[in-house]
Structure formats: structure tokens, C-alpha cells
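Visitor: Following this line is target24.cif, made up of mmCIF, all heavy atoms:
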```
data_final
#
loop_
_atom_site.label_atom_id
_atom_site.label_comp_id
_atom_site.auth_asym_id
_atom_site.auth_seq_id
_atom_site.Cartn_x
_atom_site.Cartn_y
_atom_site.Cartn_z
N MET A 9 0.84 -1.20 0.00
CA MET A 9 0.00 0.00 0.00
C MET A 9 0.88 1.25 0.00
O MET A 9 1.84 1.33 0.76
CB MET A 9 -0.87 0.03 1.25
CG MET A 9 -2.14 -0.73 1.15
SD MET A 9 -3.20 -0.26 2.52
CE MET A 9 -4.75 -0.58 1.77
N PRO A 10 0.54 2.20 -0.83
CA PRO A 10 1.34 3.44 -0.84
C PRO A 10 1.06 4.28 0.40
O PRO A 10 0.03 4.15 1.05
CB PRO A 10 0.86 4.15 -2.11
CG PRO A 10 -0.49 3.60 -2.37
CD PRO A 10 -0.49 2.20 -1.85
N LEU A 11 1.99 5.16 0.71
CA LEU A 11 1.84 6.07 1.84
C LEU A 11 1.45 7.45 1.36
O LEU A 11 1.79 7.86 0.25
CB LEU A 11 3.16 6.16 2.63
CG LEU A 11 3.65 4.87 3.27
CD1 LEU A 11 4.99 5.11 3.95
CD2 LEU A 11 2.65 4.34 4.26
N CYS A 12 0.74 8.17 2.21
CA CYS A 12 0.34 9.54 1.89
C CYS A 12 1.57 10.42 1.81
O CYS A 12 2.47 10.33 2.66
CB CYS A 12 -0.63 10.06 2.97
SG CYS A 12 -1.09 11.79 2.77
N THR A 13 1.62 11.28 0.83
CA THR A 13 2.78 12.16 0.67
C THR A 13 2.78 13.29 1.69
O THR A 13 3.81 13.90 1.93
CB THR A 13 2.80 12.76 -0.75
OG1 THR A 13 1.57 13.45 -0.97
CG2 THR A 13 2.98 11.69 -1.79
N GLU A 14 1.64 13.57 2.34
CA GLU A 14 1.55 14.67 3.31
C GLU A 14 1.83 14.20 4.73
O GLU A 14 2.61 14.81 5.44
CB GLU A 14 0.16 15.30 3.24
CG GLU A 14 -0.18 15.92 1.91
CD GLU A 14 0.61 17.19 1.65
OE1 GLU A 14 0.88 17.93 2.61
OE2 GLU A 14 0.95 17.42 0.48
N CYS A 15 1.14 13.13 5.17
CA CYS A 15 1.24 12.74 6.58
C CYS A 15 1.88 11.37 6.80
O CYS A 15 2.22 11.03 7.92
CB CYS A 15 -0.14 12.78 7.24
SG CYS A 15 -1.31 11.61 6.54
N GLY A 16 2.01 10.58 5.76
CA GLY A 16 2.68 9.29 5.89
C GLY A 16 1.80 8.11 6.25
O GLY A 16 2.30 7.02 6.45
N THR A 17 0.48 8.31 6.35
CA THR A 17 -0.41 7.19 6.65
C THR A 17 -0.64 6.37 5.38
O THR A 17 -0.42 6.84 4.27
CB THR A 17 -1.77 7.68 7.19
OG1 THR A 17 -2.37 8.53 6.22
CG2 THR A 17 -1.61 8.43 8.48
N ARG A 18 -1.10 5.14 5.57
CA ARG A 18 -1.36 4.28 4.42
C ARG A 18 -2.59 4.75 3.66
O ARG A 18 -3.59 5.13 4.25
CB ARG A 18 -1.57 2.85 4.88
CG ARG A 18 -0.33 2.26 5.44
CD ARG A 18 -0.54 0.83 5.82
NE ARG A 18 0.65 0.34 6.46
CZ ARG A 18 0.90 -0.93 6.68
NH1 ARG A 18 0.04 -1.84 6.32
NH2 ARG A 18 2.01 -1.30 7.26
N VAL A 19 -2.48 4.71 2.34
CA VAL A 19 -3.56 5.16 1.47
C VAL A 19 -4.09 3.96 0.71
O VAL A 19 -3.33 3.18 0.15
CB VAL A 19 -3.04 6.23 0.48
CG1 VAL A 19 -4.15 6.73 -0.42
CG2 VAL A 19 -2.41 7.39 1.22
N GLY A 20 -5.43 3.83 0.69
CA GLY A 20 -6.03 2.71 -0.01
C GLY A 20 -6.10 2.92 -1.51
O GLY A 20 -6.21 1.98 -2.28
N SER A 21 -6.03 4.16 -1.96
CA SER A 21 -6.13 4.45 -3.39
C SER A 21 -4.75 4.71 -3.97
O SER A 21 -3.76 4.76 -3.26
CB SER A 21 -7.03 5.66 -3.62
OG SER A 21 -6.44 6.81 -3.06
N ARG A 22 -4.72 4.92 -5.25
CA ARG A 22 -3.44 5.15 -5.95
C ARG A 22 -3.09 6.63 -6.08
O ARG A 22 -2.07 6.95 -6.65
CB ARG A 22 -3.52 4.54 -7.35
CG ARG A 22 -3.79 3.08 -7.36
CD ARG A 22 -2.52 2.32 -7.40
NE ARG A 22 -2.78 0.88 -7.38
CZ ARG A 22 -1.86 0.01 -7.12
NH1 ARG A 22 -0.65 0.39 -6.86
NH2 ARG A 22 -2.16 -1.26 -7.09
N GLN A 23 -3.92 7.54 -5.55
CA GLN A 23 -3.66 8.96 -5.79
C GLN A 23 -2.52 9.52 -4.95
O GLN A 23 -2.02 10.60 -5.22
CB GLN A 23 -4.93 9.77 -5.59
CG GLN A 23 -5.49 9.72 -4.20
CD GLN A 23 -6.88 10.33 -4.14
OE1 GLN A 23 -7.57 10.38 -5.14
NE2 GLN A 23 -7.25 10.78 -2.98
N GLY A 24 -2.11 8.83 -3.88
CA GLY A 24 -0.95 9.25 -3.11
C GLY A 24 -1.24 10.19 -1.96
O GLY A 24 -0.34 10.51 -1.20
N VAL A 25 -2.47 10.65 -1.82
CA VAL A 25 -2.84 11.54 -0.72
C VAL A 25 -4.07 10.96 -0.04
O VAL A 25 -5.03 10.58 -0.70
CB VAL A 25 -3.14 12.97 -1.22
CG1 VAL A 25 -3.51 13.89 -0.06
CG2 VAL A 25 -1.95 13.54 -1.96
N CYS A 26 -4.03 10.89 1.30
CA CYS A 26 -5.18 10.34 2.03
C CYS A 26 -6.32 11.36 2.04
O CYS A 26 -6.10 12.55 1.86
CB CYS A 26 -4.77 9.96 3.45
SG CYS A 26 -4.37 11.34 4.52
N PRO A 27 -7.56 10.90 2.26
CA PRO A 27 -8.71 11.82 2.26
C PRO A 27 -8.61 12.91 3.31
O PRO A 27 -9.08 14.02 3.13
CB PRO A 27 -9.91 10.91 2.54
CG PRO A 27 -9.46 9.55 2.19
CD PRO A 27 -7.98 9.52 2.40
N ARG A 28 -7.97 12.61 4.45
CA ARG A 28 -7.84 13.61 5.51
C ARG A 28 -6.97 14.79 5.06
O ARG A 28 -7.24 15.93 5.38
CB ARG A 28 -7.25 12.96 6.76
CG ARG A 28 -7.21 13.88 7.93
CD ARG A 28 -6.79 13.17 9.19
NE ARG A 28 -7.81 12.20 9.54
CZ ARG A 28 -7.59 11.10 10.23
NH1 ARG A 28 -6.38 10.81 10.64
NH2 ARG A 28 -8.57 10.28 10.52
N CYS A 29 -5.91 14.50 4.32
CA CYS A 29 -5.06 15.58 3.81
C CYS A 29 -5.66 16.24 2.58
O CYS A 29 -5.41 17.41 2.31
CB CYS A 29 -3.67 15.03 3.48
SG CYS A 29 -2.75 14.49 4.93
N LEU A 30 -6.45 15.47 1.82
CA LEU A 30 -7.06 16.01 0.61
C LEU A 30 -8.20 16.97 0.94
O LEU A 30 -8.36 18.01 0.29
CB LEU A 30 -7.58 14.85 -0.25
CG LEU A 30 -8.00 15.18 -1.67
CD1 LEU A 30 -6.83 15.76 -2.45
CD2 LEU A 30 -8.49 13.92 -2.35
N HIS A 31 -8.99 16.66 1.98
CA HIS A 31 -10.12 17.50 2.39
C HIS A 31 -10.05 17.81 3.88
O HIS A 31 -10.86 17.31 4.65
CB HIS A 31 -11.44 16.79 2.09
CG HIS A 31 -11.59 16.35 0.68
ND1 HIS A 31 -11.78 17.24 -0.35
CD2 HIS A 31 -11.57 15.12 0.11
CE1 HIS A 31 -11.87 16.58 -1.49
NE2 HIS A 31 -11.75 15.29 -1.24
N PRO A 32 -9.09 18.62 4.32
CA PRO A 32 -8.92 18.85 5.76
C PRO A 32 -10.09 19.59 6.39
O PRO A 32 -10.42 19.36 7.54
CB PRO A 32 -7.63 19.66 5.86
CG PRO A 32 -7.47 20.29 4.52
CD PRO A 32 -8.10 19.34 3.54
N ARG A 33 -10.74 20.48 5.65
CA ARG A 33 -11.86 21.24 6.21
C ARG A 33 -13.04 20.34 6.55
O ARG A 33 -13.70 20.51 7.56
CB ARG A 33 -12.31 22.32 5.22
CG ARG A 33 -11.80 23.68 5.60
CD ARG A 33 -12.42 24.72 4.72
NE ARG A 33 -11.34 25.38 4.03
CZ ARG A 33 -11.40 25.91 2.86
NH1 ARG A 33 -12.52 25.91 2.19
NH2 ARG A 33 -10.36 26.48 2.32
N TRP A 34 -13.29 19.36 5.69
CA TRP A 34 -14.41 18.45 5.92
C TRP A 34 -14.19 17.63 7.18
O TRP A 34 -15.10 17.45 7.98
CB TRP A 34 -14.58 17.52 4.73
CG TRP A 34 -15.79 16.67 4.84
CD1 TRP A 34 -17.06 17.02 4.51
CD2 TRP A 34 -15.87 15.33 5.33
NE1 TRP A 34 -17.93 15.97 4.76
CE2 TRP A 34 -17.21 14.94 5.27
CE3 TRP A 34 -14.93 14.44 5.82
CZ2 TRP A 34 -17.64 13.68 5.67
CZ3 TRP A 34 -15.36 13.19 6.21
CH2 TRP A 34 -16.70 12.83 6.14
N TYR A 35 -12.96 17.16 7.40
CA TYR A 35 -12.67 16.37 8.59
C TYR A 35 -12.75 17.22 9.85
O TYR A 35 -13.22 16.77 10.88
CB TYR A 35 -11.29 15.70 8.47
CG TYR A 35 -11.35 14.43 7.69
CD1 TYR A 35 -11.22 14.42 6.31
CD2 TYR A 35 -11.60 13.22 8.32
CE1 TYR A 35 -11.31 13.25 5.59
CE2 TYR A 35 -11.68 12.04 7.60
CZ TYR A 35 -11.53 12.06 6.24
OH TYR A 35 -11.62 10.90 5.53
N THR A 36 -12.30 18.48 9.77
CA THR A 36 -12.39 19.38 10.92
C THR A 36 -13.84 19.68 11.25
O THR A 36 -14.24 19.63 12.42
CB THR A 36 -11.62 20.69 10.63
OG1 THR A 36 -10.27 20.36 10.31
CG2 THR A 36 -11.64 21.61 11.83
N ALA A 37 -14.65 19.97 10.24
CA ALA A 37 -16.06 20.25 10.46
C ALA A 37 -16.76 19.03 11.05
O ALA A 37 -17.63 19.15 11.92
CB ALA A 37 -16.72 20.67 9.16
N ARG A 38 -16.37 17.85 10.60
CA ARG A 38 -16.97 16.62 11.11
C ARG A 38 -16.63 16.43 12.59
O ARG A 38 -17.50 16.08 13.39
CB ARG A 38 -16.45 15.45 10.29
CG ARG A 38 -17.03 14.13 10.70
CD ARG A 38 -16.53 13.04 9.78
NE ARG A 38 -16.78 11.74 10.38
CZ ARG A 38 -16.04 10.68 10.19
NH1 ARG A 38 -15.00 10.76 9.40
NH2 ARG A 38 -16.32 9.55 10.76
N LYS A 39 -15.38 16.68 12.96
CA LYS A 39 -14.98 16.55 14.36
C LYS A 39 -15.72 17.55 15.24
O LYS A 39 -16.16 17.21 16.33
CB LYS A 39 -13.47 16.75 14.50
CG LYS A 39 -12.65 15.61 14.02
CD LYS A 39 -11.18 15.89 14.20
CE LYS A 39 -10.32 14.83 13.59
NZ LYS A 39 -8.90 15.13 13.71
N VAL A 40 -15.85 18.78 14.76
CA VAL A 40 -16.57 19.80 15.52
C VAL A 40 -18.03 19.41 15.68
O VAL A 40 -18.61 19.54 16.77
CB VAL A 40 -16.44 21.18 14.83
CG1 VAL A 40 -17.38 22.20 15.43
CG2 VAL A 40 -15.00 21.67 14.93
N ALA A 41 -18.65 18.89 14.63
CA ALA A 41 -20.05 18.48 14.70
C ALA A 41 -20.23 17.32 15.69
O ALA A 41 -21.20 17.30 16.46
CB ALA A 41 -20.55 18.08 13.32
N ILE A 42 -19.31 16.38 15.70
CA ILE A 42 -19.39 15.26 16.64
C ILE A 42 -19.26 15.76 18.07
O ILE A 42 -20.02 15.35 18.96
CB ILE A 42 -18.32 14.20 16.30
CG1 ILE A 42 -18.68 13.49 14.99
CG2 ILE A 42 -18.17 13.20 17.44
CD1 ILE A 42 -17.59 12.59 14.46
N CYS A 43 -18.31 16.66 18.32
CA CYS A 43 -18.13 17.21 19.67
C CYS A 43 -19.36 17.98 20.12
O CYS A 43 -19.79 17.84 21.27
CB CYS A 43 -16.90 18.11 19.72
SG CYS A 43 -15.35 17.20 19.59
N LEU A 44 -19.93 18.79 19.24
CA LEU A 44 -21.13 19.54 19.60
C LEU A 44 -22.30 18.60 19.87
O LEU A 44 -23.11 18.85 20.77
CB LEU A 44 -21.49 20.53 18.50
CG LEU A 44 -20.57 21.74 18.37
CD1 LEU A 44 -20.99 22.60 17.18
CD2 LEU A 44 -20.56 22.56 19.64
N GLY A 45 -22.41 17.52 19.12
CA GLY A 45 -23.46 16.54 19.35
C GLY A 45 -23.32 15.86 20.71
O GLY A 45 -24.30 15.66 21.42
N ILE A 46 -22.09 15.54 21.08
CA ILE A 46 -21.85 14.93 22.38
C ILE A 46 -22.19 15.89 23.51
O ILE A 46 -22.83 15.51 24.50
CB ILE A 46 -20.38 14.44 22.48
CG1 ILE A 46 -20.17 13.25 21.54
CG2 ILE A 46 -20.02 14.07 23.91
CD1 ILE A 46 -18.73 12.84 21.38
N VAL A 47 -21.78 17.15 23.37
CA VAL A 47 -22.09 18.16 24.40
C VAL A 47 -23.60 18.35 24.51
O VAL A 47 -24.14 18.43 25.61
CB VAL A 47 -21.36 19.48 24.08
CG1 VAL A 47 -21.87 20.61 24.94
CG2 VAL A 47 -19.87 19.32 24.25
N ALA A 48 -24.29 18.42 23.39
CA ALA A 48 -25.75 18.59 23.41
C ALA A 48 -26.42 17.40 24.08
O ALA A 48 -27.36 17.56 24.87
CB ALA A 48 -26.27 18.77 21.99
N ALA A 49 -25.95 16.19 23.79
CA ALA A 49 -26.53 14.99 24.42
C ALA A 49 -26.31 15.01 25.93
O ALA A 49 -27.22 14.68 26.70
CB ALA A 49 -25.92 13.74 23.80
N LEU A 50 -25.13 15.40 26.35
CA LEU A 50 -24.85 15.49 27.79
C LEU A 50 -25.74 16.53 28.47
O LEU A 50 -26.26 16.30 29.57
CB LEU A 50 -23.38 15.81 28.03
CG LEU A 50 -22.40 14.67 27.77
CD1 LEU A 50 -20.96 15.16 27.91
CD2 LEU A 50 -22.64 13.53 28.73
N LEU A 51 -25.93 17.66 27.82
CA LEU A 51 -26.80 18.69 28.39
C LEU A 51 -28.24 18.21 28.49
O LEU A 51 -28.92 18.50 29.48
CB LEU A 51 -26.72 19.97 27.56
CG LEU A 51 -25.42 20.76 27.69
CD1 LEU A 51 -25.41 21.93 26.72
CD2 LEU A 51 -25.22 21.25 29.10
N LEU A 52 -28.70 17.48 27.49
CA LEU A 52 -30.05 16.93 27.55
C LEU A 52 -30.20 15.91 28.68
O LEU A 52 -31.21 15.90 29.38
CB LEU A 52 -30.42 16.28 26.21
CG LEU A 52 -30.73 17.25 25.07
CD1 LEU A 52 -30.91 16.49 23.78
CD2 LEU A 52 -31.96 18.07 25.39
N VAL A 53 -29.20 15.09 28.88
CA VAL A 53 -29.24 14.11 29.96
C VAL A 53 -29.25 14.81 31.31
O VAL A 53 -30.03 14.46 32.21
CB VAL A 53 -28.05 13.12 29.85
CG1 VAL A 53 -27.90 12.28 31.12
CG2 VAL A 53 -28.23 12.22 28.64
N ILE A 54 -28.40 15.83 31.47
CA ILE A 54 -28.35 16.58 32.73
C ILE A 54 -29.68 17.28 32.97
O ILE A 54 -30.20 17.29 34.10
CB ILE A 54 -27.17 17.58 32.71
CG1 ILE A 54 -25.85 16.81 32.77
CG2 ILE A 54 -27.27 18.56 33.86
CD1 ILE A 54 -24.64 17.66 32.51
N ARG A 55 -30.24 17.85 31.94
CA ARG A 55 -31.53 18.54 32.08
C ARG A 55 -32.63 17.56 32.47
O ARG A 55 -33.46 17.85 33.34
CB ARG A 55 -31.87 19.23 30.77
CG ARG A 55 -33.09 20.09 30.84
CD ARG A 55 -33.28 20.80 29.52
NE ARG A 55 -34.50 21.59 29.56
CZ ARG A 55 -35.00 22.21 28.52
NH1 ARG A 55 -34.36 22.16 27.38
NH2 ARG A 55 -36.10 22.89 28.61
N TYR A 56 -32.64 16.39 31.84
CA TYR A 56 -33.63 15.38 32.17
C TYR A 56 -33.49 14.92 33.62
O TYR A 56 -34.47 14.82 34.35
CB TYR A 56 -33.50 14.18 31.23
CG TYR A 56 -34.31 12.99 31.67
CD1 TYR A 56 -35.69 12.97 31.50
CD2 TYR A 56 -33.69 11.89 32.27
CE1 TYR A 56 -36.44 11.88 31.90
CE2 TYR A 56 -34.43 10.80 32.68
CZ TYR A 56 -35.81 10.81 32.50
OH TYR A 56 -36.55 9.74 32.91
N LEU A 57 -32.25 14.66 34.03
CA LEU A 57 -32.03 14.20 35.41
C LEU A 57 -32.39 15.28 36.41
O LEU A 57 -32.92 14.98 37.49
CB LEU A 57 -30.58 13.76 35.58
CG LEU A 57 -30.17 12.49 34.84
CD1 LEU A 57 -28.68 12.24 34.99
CD2 LEU A 57 -30.97 11.30 35.32
N ALA A 58 -32.13 16.53 36.08
CA ALA A 58 -32.46 17.63 36.99
C ALA A 58 -33.97 17.76 37.17
O ALA A 58 -34.45 17.99 38.28
CB ALA A 58 -31.87 18.93 36.47
N THR A 59 -34.73 17.58 36.09
CA THR A 59 -36.19 17.68 36.22
C THR A 59 -36.78 16.41 36.85
O THR A 59 -37.77 16.48 37.56
CB THR A 59 -36.85 17.91 34.85
OG1 THR A 59 -36.49 16.87 33.97
CG2 THR A 59 -36.44 19.25 34.27
N GLU A 60 -36.15 15.27 36.60
CA GLU A 60 -36.65 14.01 37.14
C GLU A 60 -36.47 13.93 38.66
O GLU A 60 -37.33 13.44 39.37
CB GLU A 60 -35.91 12.84 36.47
CG GLU A 60 -36.49 11.50 36.74
CD GLU A 60 -37.83 11.27 36.09
OE1 GLU A 60 -38.14 11.91 35.07
OE2 GLU A 60 -38.57 10.42 36.62
N PHE A 61 -35.35 14.42 39.15
CA PHE A 61 -35.04 14.31 40.57
C PHE A 61 -35.20 15.63 41.31
O PHE A 61 -34.68 15.79 42.40
CB PHE A 61 -33.63 13.78 40.76
CG PHE A 61 -33.45 12.39 40.24
CD1 PHE A 61 -32.67 12.14 39.11
CD2 PHE A 61 -34.07 11.31 40.85
CE1 PHE A 61 -32.52 10.85 38.63
CE2 PHE A 61 -33.92 10.02 40.37
CZ PHE A 61 -33.14 9.79 39.26
N ALA A 62 -35.90 16.59 40.74
CA ALA A 62 -36.09 17.89 41.39
C ALA A 62 -36.95 17.71 42.65
O ALA A 62 -38.01 17.12 42.62
CB ALA A 62 -36.78 18.87 40.44
N GLY A 63 -36.44 18.20 43.76
CA GLY A 63 -37.18 18.13 45.00
C GLY A 63 -37.09 16.82 45.73
O GLY A 63 -37.73 16.63 46.76
N THR A 64 -36.31 15.86 45.23
CA THR A 64 -36.21 14.57 45.91
C THR A 64 -34.97 14.46 46.79
O THR A 64 -34.83 13.49 47.50
CB THR A 64 -36.16 13.42 44.86
OG1 THR A 64 -35.03 13.61 44.02
CG2 THR A 64 -37.43 13.39 44.04
N TRP A 65 -34.07 15.45 46.72
CA TRP A 65 -32.87 15.41 47.55
C TRP A 65 -33.22 15.81 48.98
O TRP A 65 -33.98 16.74 49.21
CB TRP A 65 -31.80 16.36 46.99
CG TRP A 65 -31.30 15.94 45.66
CD1 TRP A 65 -31.63 16.49 44.48
CD2 TRP A 65 -30.41 14.87 45.37
NE1 TRP A 65 -31.01 15.83 43.45
CE2 TRP A 65 -30.24 14.84 43.97
CE3 TRP A 65 -29.72 13.95 46.15
CZ2 TRP A 65 -29.43 13.92 43.34
CZ3 TRP A 65 -28.91 13.03 45.52
CH2 TRP A 65 -28.77 13.02 44.13
N PRO A 66 -32.68 15.11 49.95
CA PRO A 66 -32.95 15.51 51.34
C PRO A 66 -32.25 16.81 51.70
O PRO A 66 -31.18 17.09 51.18
CB PRO A 66 -32.36 14.34 52.15
CG PRO A 66 -31.37 13.69 51.25
CD PRO A 66 -31.87 13.91 49.84
N GLY A 67 -32.87 17.56 52.56
CA GLY A 67 -32.23 18.80 53.00
C GLY A 67 -32.94 20.00 52.69
O GLY A 67 -33.62 20.71 52.42
#
```
Represent the structure contained in this file as C-alpha cells.

Guide:
Amino acid sequence: MPLCTECGTRVGSRQGVCPRCLHPRWYTARKVAICLGIVAALLLVIRYLATEFAGTWPG
């Protein structure tokens, strides 16, 4: 398998550049979207737990 000319990772195609080096903006946007999705999911879980257990804590 050939190696990427930019970063040195293995490339499955014959073009010599891996998709991450060929389209860096797409991979960055994808990572940001995944991180935002995880943060949103955590906030939803915290919000649900806060409303579910509101007023049940002793004290």
C-alpha cells in the first residue's frame, strides 16, 4: 500500500494523498459536529435528570 505524501499514513487508493489531507476542512467540520453533538446529548441528559429528581434530595 502506498503512503500519503503529506502525513505518511497508508492510502487505499493510488492517488498518493489520504482523504484527511485532501479535504482537511471536511474532517475538521466533522470533528466539531461530533463534539457539539456529544455536548448537546450530555446537556439533555443533565436537564432530564435535573427535572426528574427535582425536590427529591434531602435537606

Visitor: Tell me which protein, DNA and RNA residues are within 3.5 Å of Val19 (chain A), counting all heavy atoms, leaving out same-chain ones fewer than 2 positions away, and put them as a ChimeraX atom specification.

Guide: /A:10,12,21

Visitor: At what distance in Å, to one decimal, does NH1 of Arg28 (chain A) lie from CD1 of Leu51 (chain A)?

Guide: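 One can read the CD1 of Leu51 (chain A) to NH1 of Arg28 (chain A) distance as 27.3 Å.
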
Visitor: Expanded to explicit residues, what is the PyMOL selection byres (((chain A and resi 22 and name CA) around 12) and name CA) for this file, as a list in words?

Guide: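 Against this file, the PyMOL selection byres (((chain A and resi 22 and name CA) around 12) and name CA) returns the residues Met9, Pro10, Leu11, Cys12, Thr13, Arg18, Val19, Gly20, Ser21, Gln23, Gly24, Val25, Cys26 and Pro27 of chain A.
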
Visitor: Quick one: pick out all alpha helix (DSSP H) residues within chain A from a backbone DSSP run and write them as a VMD selection string.

Guide: chain A and resid 27 to 30 32 to 60

Visitor: Mind pulling up the distance from CA of Glu14 (chain A) to CA of Thr36 (chain A)?

Guide: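 Interatomic distance here is 16.6 Å.
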
Visitor: What does the structure give for the distance between CG of His31 (chain A) and CG2 of Thr17 (chain A), in Å to one decimal?

Guide: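 That distance, rounded to one decimal, is 14.9 Å.
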